[in-house]
Amino acid sequence: MSDRIQASYLIETPYPLERAAEVMAGEQSCGTFTRLASETDALREAHGARVERIEPLESLDSPSLPLPPPPGNGRPVYRRARITLSWPLANLGPSLPTLVATVAGNLFELKEFSALKLLDLTLPTPFAEAYPGPQFGIAGTRELTGIPERPLIGTIIKPSVGLSPAATAEVVRELVAGGIDFIKDDELQANGPHNPLEARVDAVMPVIREHAERTGHKVMYAFNITGEADEMRRHHDYVVAAGGSCVMVALNAVGLAGVTQLRRHCQVALHGHRAGWGMFSRSPHLGMSFVAYQKLWRLAGVDHIHVNGLHNKFSEEDASVIASARTCLTPMFDPPAPGCEVMPVFSSGQTADQAADTYAAIASTDLIFCAGGGIMAHPDGIGAGVHSLRQAWDAAVAGIDVDAYARDHRELARALETFRR
């Protein structure tokens, strides 16, 4: 693997592609708007970003994002291209925060571009040596939950906010009795006055411990500890002391430095929620792809990360969700460096009806399949909702048509009747 950092982009510009790419390279390394006396040829050779590849694409008559027209009297043509830039590791060292400033910093504001999106990152192995990466990942999560092969069937506490600690524990009691594998707090519920984190842990963990003692199956509960750095460490320790096996953070709210610091302290699985992801992704003309985004958080050390879900309630298309899940399962580094694979979490309007399509798309059961309404709104109750999801996945993995399987599995049949769109 090269010792240079590489980043690929989709760009759109009214300027010649080579000039636009050189502007990006200069702005994000040793250049500025004019050549300086101290910017010697030797310095540029050692520290300047390089334009590695330019792949021209289509041209347009109008800009995708607002942009003042370039100087001249002619009507501009807006050219698109995929380009790859590279930087010497010596510019920043293996630093995730400085990496983001380098590959996703001021370049988004450059007047030469009417579209610019970071598509992918390739990082040299010193990043793998400098950052802890996932502590548990796929294998460790399976060990913590005692589920060696099939998908983890999960859910989210609903209503998202408004429940007291005692009411939350009652929902958990129904879920564990119904056979759930994984439960998470909503991203909106961290340490609010009506349901403080420590009171929620005190209410929920006895339910989980009692169920584990009775059945031998310890449900993983991802307690949302999103907060200030000291607060997260304190709440992590509280969860661990109570026997918990997972904590959750809203990644964009906490930041790379916050997640990295928490990971170095963490003793349990670290569940990463991507709330706010749409700011980076929703425009095809600006932001960052999930392929690049998830690599940052994998290095920082999350064990699970949300990828949305097929036929979801949001705007993301299925092809994007599938690509996101696949990239989570793809190693980042060549051996012997760790691959940093993480468990993708499917959520957002998921029911038994999406299991077959999800398995067909990624050909893996290394995932957490979270359904809120798809479990709790099942007409025969929470337990039936859990069973319907497990039955749907059993059928998918066995290669059996879900409708045929449903003829002998009432919970699945009722779910399909209720949720199929």
# chains A, B, ... in the order shown; residues from 1 in each chain; ligands from 1

call {"tool": "residues_around", "arguments": {"residues": "segment 374-389 of chain A", "least_positions_apart": "6", "cutoff": "9 Å", "atoms": "only C-alpha atoms", "output": "PyMOL selection string"}}
result
chain A and resi 153-155+158+174-180+349-353+355+409-416+418-419

call {"tool": "select_by_dssp", "arguments": {"residues": "segment 69-293 of chain A", "states": "strand (DSSP E or B)", "output": "ChimeraX atom specification"}}
result
/A:78-88,115-122,152-156,182-184,220-224,246-250,269-273,286-288

call {"tool": "write_last_selection", "arguments": {"atoms": "N, CA and C atoms", "output": "tab-separated table (two decimals), in the first residue's frame"}}
result
chain	number	residue	atom	x	y	z
A	78	TYR	N	-20.08	23.73	-17.93
A	78	TYR	CA	-19.76	23.17	-16.61
A	78	TYR	C	-19.40	21.69	-16.80
A	79	ARG	N	-18.12	21.42	-16.63
A	79	ARG	CA	-17.58	20.09	-16.88
A	79	ARG	C	-17.53	19.29	-15.59
A	80	ARG	N	-17.94	18.03	-15.69
A	80	ARG	CA	-17.85	17.12	-14.56
A	80	ARG	C	-16.71	16.13	-14.77
A	81	ALA	N	-16.16	15.67	-13.63
A	81	ALA	CA	-15.08	14.68	-13.72
A	81	ALA	C	-14.94	13.99	-12.37
A	82	ARG	N	-14.37	12.81	-12.41
A	82	ARG	CA	-13.89	12.17	-11.18
A	82	ARG	C	-12.39	12.41	-11.14
A	83	ILE	N	-11.93	12.91	-10.00
A	83	ILE	CA	-10.50	13.16	-9.88
A	83	ILE	C	-9.97	12.52	-8.59
A	84	THR	N	-8.70	12.21	-8.59
A	84	THR	CA	-8.04	11.68	-7.41
A	84	THR	C	-6.85	12.55	-7.08
A	85	LEU	N	-6.78	12.98	-5.83
A	85	LEU	CA	-5.65	13.73	-5.30
A	85	LEU	C	-4.91	12.87	-4.30
A	86	SER	N	-3.63	13.15	-4.10
A	86	SER	CA	-2.88	12.45	-3.06
A	86	SER	C	-2.00	13.44	-2.30
A	87	TRP	N	-1.73	13.10	-1.05
A	87	TRP	CA	-0.91	13.93	-0.16
A	87	TRP	C	0.15	13.06	0.50
A	88	PRO	N	1.32	13.59	0.76
A	88	PRO	CA	2.30	12.84	1.54
A	88	PRO	C	1.85	12.76	3.00
A	115	ALA	N	-19.93	21.97	-8.07
A	115	ALA	CA	-20.25	20.73	-7.39
A	115	ALA	C	-18.94	20.10	-6.95
A	116	LEU	N	-18.95	19.49	-5.77
A	116	LEU	CA	-17.75	18.83	-5.27
A	116	LEU	C	-18.16	17.86	-4.17
A	117	LYS	N	-17.87	16.60	-4.37
A	117	LYS	CA	-18.24	15.58	-3.38
A	117	LYS	C	-17.09	14.61	-3.19
A	118	LEU	N	-16.73	14.36	-1.93
A	118	LEU	CA	-15.71	13.37	-1.60
A	118	LEU	C	-16.31	11.98	-1.74
A	119	LEU	N	-15.69	11.15	-2.56
A	119	LEU	CA	-16.22	9.82	-2.86
A	119	LEU	C	-15.56	8.70	-2.07
A	120	ASP	N	-14.24	8.78	-1.89
A	120	ASP	CA	-13.56	7.66	-1.24
A	120	ASP	C	-12.22	8.13	-0.69
A	121	LEU	N	-11.70	7.35	0.24
A	121	LEU	CA	-10.40	7.59	0.86
A	121	LEU	C	-9.60	6.31	0.86
A	122	THR	N	-8.30	6.42	0.60
A	122	THR	CA	-7.38	5.31	0.79
A	122	THR	C	-6.27	5.81	1.69
A	152	LEU	N	-28.53	-10.18	14.06
A	152	LEU	CA	-29.09	-9.76	15.34
A	152	LEU	C	-30.39	-9.01	15.06
A	153	ILE	N	-31.45	-9.43	15.69
A	153	ILE	CA	-32.74	-8.76	15.55
A	153	ILE	C	-32.82	-7.70	16.64
A	154	GLY	N	-32.97	-6.46	16.20
A	154	GLY	CA	-32.93	-5.35	17.14
A	154	GLY	C	-34.10	-4.41	17.01
A	155	THR	N	-34.16	-3.47	17.94
A	155	THR	CA	-35.22	-2.46	17.91
A	155	THR	C	-34.75	-1.22	18.63
A	156	ILE	N	-35.59	-0.21	18.56
A	156	ILE	CA	-35.32	1.10	19.15
A	156	ILE	C	-36.45	1.40	20.13
A	182	PHE	N	-31.17	-7.22	20.49
A	182	PHE	CA	-30.48	-5.93	20.60
A	182	PHE	C	-31.53	-4.83	20.75
A	183	ILE	N	-31.29	-3.92	21.68
A	183	ILE	CA	-32.16	-2.77	21.91
A	183	ILE	C	-31.29	-1.54	21.99
A	184	LYS	N	-31.75	-0.45	21.40
A	184	LYS	CA	-31.00	0.79	21.52
A	184	LYS	C	-31.91	1.94	21.93
A	220	MET	N	-28.29	-7.30	24.32
A	220	MET	CA	-27.41	-6.13	24.26
A	220	MET	C	-28.27	-4.88	24.20
A	221	TYR	N	-28.06	-3.97	25.13
A	221	TYR	CA	-28.76	-2.69	25.15
A	221	TYR	C	-27.73	-1.58	24.92
A	222	ALA	N	-27.93	-0.79	23.86
A	222	ALA	CA	-27.03	0.32	23.55
A	222	ALA	C	-27.55	1.58	24.22
A	223	PHE	N	-26.97	1.91	25.36
A	223	PHE	CA	-27.37	3.12	26.09
A	223	PHE	C	-26.75	4.34	25.41
A	224	ASN	N	-27.57	5.31	25.10
A	224	ASN	CA	-27.09	6.53	24.43
A	224	ASN	C	-26.41	7.44	25.44
A	246	CYS	N	-22.98	-2.43	25.94
A	246	CYS	CA	-22.90	-1.56	24.78
A	246	CYS	C	-23.27	-0.14	25.16
A	247	VAL	N	-22.57	0.82	24.57
A	247	VAL	CA	-22.95	2.23	24.67
A	247	VAL	C	-23.06	2.79	23.25
A	248	MET	N	-23.83	3.84	23.12
A	248	MET	CA	-24.09	4.43	21.81
A	248	MET	C	-23.74	5.91	21.84
A	249	VAL	N	-23.24	6.41	20.71
A	249	VAL	CA	-23.03	7.85	20.56
A	249	VAL	C	-23.54	8.30	19.21
A	250	ALA	N	-24.04	9.54	19.15
A	250	ALA	CA	-24.38	10.18	17.88
A	250	ALA	C	-23.09	10.76	17.32
A	269	ALA	N	-19.03	-2.69	23.72
A	269	ALA	CA	-19.23	-2.38	22.31
A	269	ALA	C	-19.67	-0.93	22.14
A	270	LEU	N	-19.19	-0.31	21.07
A	270	LEU	CA	-19.46	1.10	20.80
A	270	LEU	C	-20.33	1.20	19.54
A	271	HIS	N	-21.55	1.64	19.74
A	271	HIS	CA	-22.57	1.70	18.69
A	271	HIS	C	-22.61	3.11	18.12
A	272	GLY	N	-22.35	3.24	16.81
A	272	GLY	CA	-22.29	4.55	16.19
A	272	GLY	C	-23.55	4.88	15.42
A	273	HIS	N	-24.24	5.95	15.82
A	273	HIS	CA	-25.43	6.42	15.11
A	273	HIS	C	-25.04	7.61	14.25
A	286	LEU	N	-22.70	17.90	-3.45
A	286	LEU	CA	-21.92	18.47	-2.34
A	286	LEU	C	-21.86	17.47	-1.20
A	287	GLY	N	-20.73	17.41	-0.51
A	287	GLY	CA	-20.66	16.61	0.70
A	287	GLY	C	-19.69	15.45	0.60
A	288	MET	N	-20.16	14.29	1.05
A	288	MET	CA	-19.28	13.14	1.22
A	288	MET	C	-20.08	11.87	1.03

call {"tool": "residues_around", "arguments": {"residues": "segment 198-206 of chain A", "least_positions_apart": "6", "cutoff": "6 Å", "atoms": "only C-alpha atoms", "output": "JSON, numbers by chain"}}
result
{"A": [165, 166, 169]}

call {"tool": "select_by_dssp", "arguments": {"residues": "segment 62-177 of chain A", "states": "helix (DSSP H, G or I)", "output": "PyMOL selection string"}}
result
chain A and resi 89-91+96-103+106-109+126-130+137-145+165-177

call {"tool": "residues_around", "arguments": {"residues": "Lys218 of chain A", "least_positions_apart": "3", "cutoff": "7 Å", "atoms": "only C-alpha atoms", "output": "number ranges by chain"}}
result
A: 145, 208, 212

call {"tool": "write_last_selection", "arguments": {"atoms": "C-alpha atoms", "output": "PDB file, in the first residue's frame"}}
result
ATOM      1  CA  THR A 145     -24.687 -11.533  22.432  1.00  0.00           C
ATOM      2  CA  ILE A 208     -31.806  -7.617  31.261  1.00  0.00           C
ATOM      3  CA  ALA A 212     -30.150 -13.552  31.195  1.00  0.00           C
TER       4      ALA A 212
END

call {"tool": "residues_around", "arguments": {"residues": "Gly48 of chain A", "least_positions_apart": "5", "cutoff": "9 Å", "atoms": "only C-alpha atoms", "output": "PyMOL selection string"}}
result
chain A and resi 25-26+28-31+43+86-88+91

call {"tool": "atom_distance", "arguments": {"atom1": "atom CA of Gly278 of chain A", "atom2": "atom CA of Leu92 of chain A"}}
result
28.2 Å

call {"tool": "atom_distance", "arguments": {"atom1": "atom CA of Leu67 of chain A", "atom2": "atom CA of Glu109 of chain A"}}
result
10.4 Å

call {"tool": "residues_around", "arguments": {"residues": "segment 294-297 of chain A", "least_positions_apart": "5", "cutoff": "9 Å", "atoms": "only C-alpha atoms", "output": "list of chain:residue names"}}
result
A:Leu96, A:Val100, A:Asp120, A:Leu121, A:Gly133, A:Leu251, A:Leu256, A:Val259, A:Thr260, A:Gly272, A:Ser289, A:Val302, A:Ile305, A:Ser324, A:Thr327, A:Cys328, A:Met332, A:Cys340

call {"tool": "write_last_selection", "arguments": {"atoms": "N, CA and C atoms", "output": "mmCIF file, in the first residue's frame"}}
result
data_model
loop_
_atom_site.group_PDB
_atom_site.id
_atom_site.type_symbol
_atom_site.label_atom_id
_atom_site.label_comp_id
_atom_site.auth_asym_id
_atom_site.auth_seq_id
_atom_site.Cartn_x
_atom_site.Cartn_y
_atom_site.Cartn_z
ATOM 1 N N LEU A 96 -6.637 11.866 12.332
ATOM 2 C CA LEU A 96 -7.966 11.913 11.729
ATOM 3 C C LEU A 96 -8.520 13.332 11.644
ATOM 4 N N VAL A 100 -9.417 15.161 7.981
ATOM 5 C CA VAL A 100 -10.691 15.738 7.540
ATOM 6 C C VAL A 100 -10.487 17.166 7.049
ATOM 7 N N ASP A 120 -14.238 8.780 -1.887
ATOM 8 C CA ASP A 120 -13.557 7.665 -1.236
ATOM 9 C C ASP A 120 -12.218 8.132 -0.692
ATOM 10 N N LEU A 121 -11.702 7.347 0.239
ATOM 11 C CA LEU A 121 -10.404 7.594 0.860
ATOM 12 C C LEU A 121 -9.595 6.306 0.863
ATOM 13 N N GLY A 133 -9.252 1.488 16.182
ATOM 14 C CA GLY A 133 -10.204 0.727 15.389
ATOM 15 C C GLY A 133 -11.232 0.048 16.276
ATOM 16 N N LEU A 251 -22.570 10.143 16.271
ATOM 17 C CA LEU A 251 -21.214 10.420 15.802
ATOM 18 C C LEU A 251 -21.000 11.874 15.426
ATOM 19 N N LEU A 256 -15.028 13.298 15.740
ATOM 20 C CA LEU A 256 -13.996 12.263 15.681
ATOM 21 C C LEU A 256 -13.140 12.222 16.936
ATOM 22 N N VAL A 259 -15.174 10.616 19.796
ATOM 23 C CA VAL A 259 -15.334 9.172 19.645
ATOM 24 C C VAL A 259 -14.010 8.457 19.889
ATOM 25 N N THR A 260 -12.915 9.001 19.378
ATOM 26 C CA THR A 260 -11.606 8.369 19.579
ATOM 27 C C THR A 260 -11.249 8.317 21.056
ATOM 28 N N GLY A 272 -22.349 3.243 16.813
ATOM 29 C CA GLY A 272 -22.293 4.555 16.191
ATOM 30 C C GLY A 272 -23.550 4.880 15.415
ATOM 31 N N SER A 289 -19.475 10.865 0.414
ATOM 32 C CA SER A 289 -20.140 9.573 0.298
ATOM 33 C C SER A 289 -19.963 8.795 1.596
ATOM 34 N N VAL A 302 -15.629 2.678 16.229
ATOM 35 C CA VAL A 302 -16.981 2.162 16.447
ATOM 36 C C VAL A 302 -17.036 0.683 16.054
ATOM 37 N N ILE A 305 -22.280 0.608 12.935
ATOM 38 C CA ILE A 305 -22.624 1.906 12.369
ATOM 39 C C ILE A 305 -23.877 1.765 11.508
ATOM 40 N N SER A 324 -23.374 1.050 1.129
ATOM 41 C CA SER A 324 -22.925 1.399 2.475
ATOM 42 C C SER A 324 -22.679 0.162 3.314
ATOM 43 N N THR A 327 -19.548 -1.826 2.171
ATOM 44 C CA THR A 327 -18.258 -1.218 2.478
ATOM 45 C C THR A 327 -17.897 -1.388 3.948
ATOM 46 N N CYS A 328 -18.909 -1.489 4.836
ATOM 47 C CA CYS A 328 -18.624 -1.745 6.252
ATOM 48 C C CYS A 328 -17.970 -3.110 6.456
ATOM 49 N N MET A 332 -10.279 -2.340 5.339
ATOM 50 C CA MET A 332 -9.696 -1.058 4.957
ATOM 51 C C MET A 332 -8.223 -1.168 4.614
ATOM 52 N N CYS A 340 -10.509 -3.622 10.296
ATOM 53 C CA CYS A 340 -11.429 -2.656 10.891
ATOM 54 C C CYS A 340 -12.877 -2.842 10.427
#

call {"tool": "atom_distance", "arguments": {"atom1": "atom CA of Met279 of chain A", "atom2": "atom CA of His306 of chain A"}}
result
15.2 Å

call {"tool": "closest_residue", "arguments": {"among": "A:Glu143, A:Glu341, A:Asp318, A:Asp186", "to": "Leu163 of chain A", "atoms": "only C-alpha atoms"}}
result
A:Asp186

call {"tool": "residues_around", "arguments": {"residues": "Phe113 of chain A", "least_positions_apart": "5", "cutoff": "8 Å", "atoms": "only C-alpha atoms", "output": "PDB file with N, CA and C atoms, in the first residue's frame"}}
result
ATOM      1  N   ILE A  11     -16.322  16.251  -9.235  1.00  0.00           N
ATOM      2  CA  ILE A  11     -16.274  17.712  -9.323  1.00  0.00           C
ATOM      3  C   ILE A  11     -17.082  18.194 -10.525  1.00  0.00           C
ATOM      4  N   GLU A  12     -17.468  19.457 -10.453  1.00  0.00           N
ATOM      5  CA  GLU A  12     -18.086  20.152 -11.591  1.00  0.00           C
ATOM      6  C   GLU A  12     -17.531  21.568 -11.611  1.00  0.00           C
ATOM      7  N   THR A  13     -17.070  22.019 -12.767  1.00  0.00           N
ATOM      8  CA  THR A  13     -16.375  23.298 -12.822  1.00  0.00           C
ATOM      9  C   THR A  13     -16.540  23.947 -14.197  1.00  0.00           C
ATOM     10  N   PRO A  14     -16.611  25.282 -14.256  1.00  0.00           N
ATOM     11  CA  PRO A  14     -16.613  25.957 -15.554  1.00  0.00           C
ATOM     12  C   PRO A  14     -15.204  26.217 -16.083  1.00  0.00           C
ATOM     13  N   ALA A  20      -8.741  23.312 -12.489  1.00  0.00           N
ATOM     14  CA  ALA A  20      -9.558  23.170 -11.284  1.00  0.00           C
ATOM     15  C   ALA A  20      -8.928  22.181 -10.310  1.00  0.00           C
ATOM     16  N   LEU A  67     -23.100  29.574  -8.539  1.00  0.00           N
ATOM     17  CA  LEU A  67     -21.689  29.906  -8.752  1.00  0.00           C
ATOM     18  C   LEU A  67     -21.610  31.119  -9.665  1.00  0.00           C
ATOM     19  N   PHE A 108     -14.475  22.808  -0.367  1.00  0.00           N
ATOM     20  CA  PHE A 108     -15.901  22.913  -0.663  1.00  0.00           C
ATOM     21  C   PHE A 108     -16.336  24.357  -0.942  1.00  0.00           C
TER      22      PHE A 108
END

call {"tool": "closest_residue", "arguments": {"among": "A:Ser347, A:Gln261, A:Thr215, A:Thr141", "to": "Asp366 of chain A", "atoms": "only C-alpha atoms"}}
result
A:Thr141

call {"tool": "closest_residue", "arguments": {"among": "A:Ala292, A:Ile5, A:Val239, A:Val219", "to": "Asp181 of chain A", "atoms": "only C-alpha atoms"}}
result
A:Val219
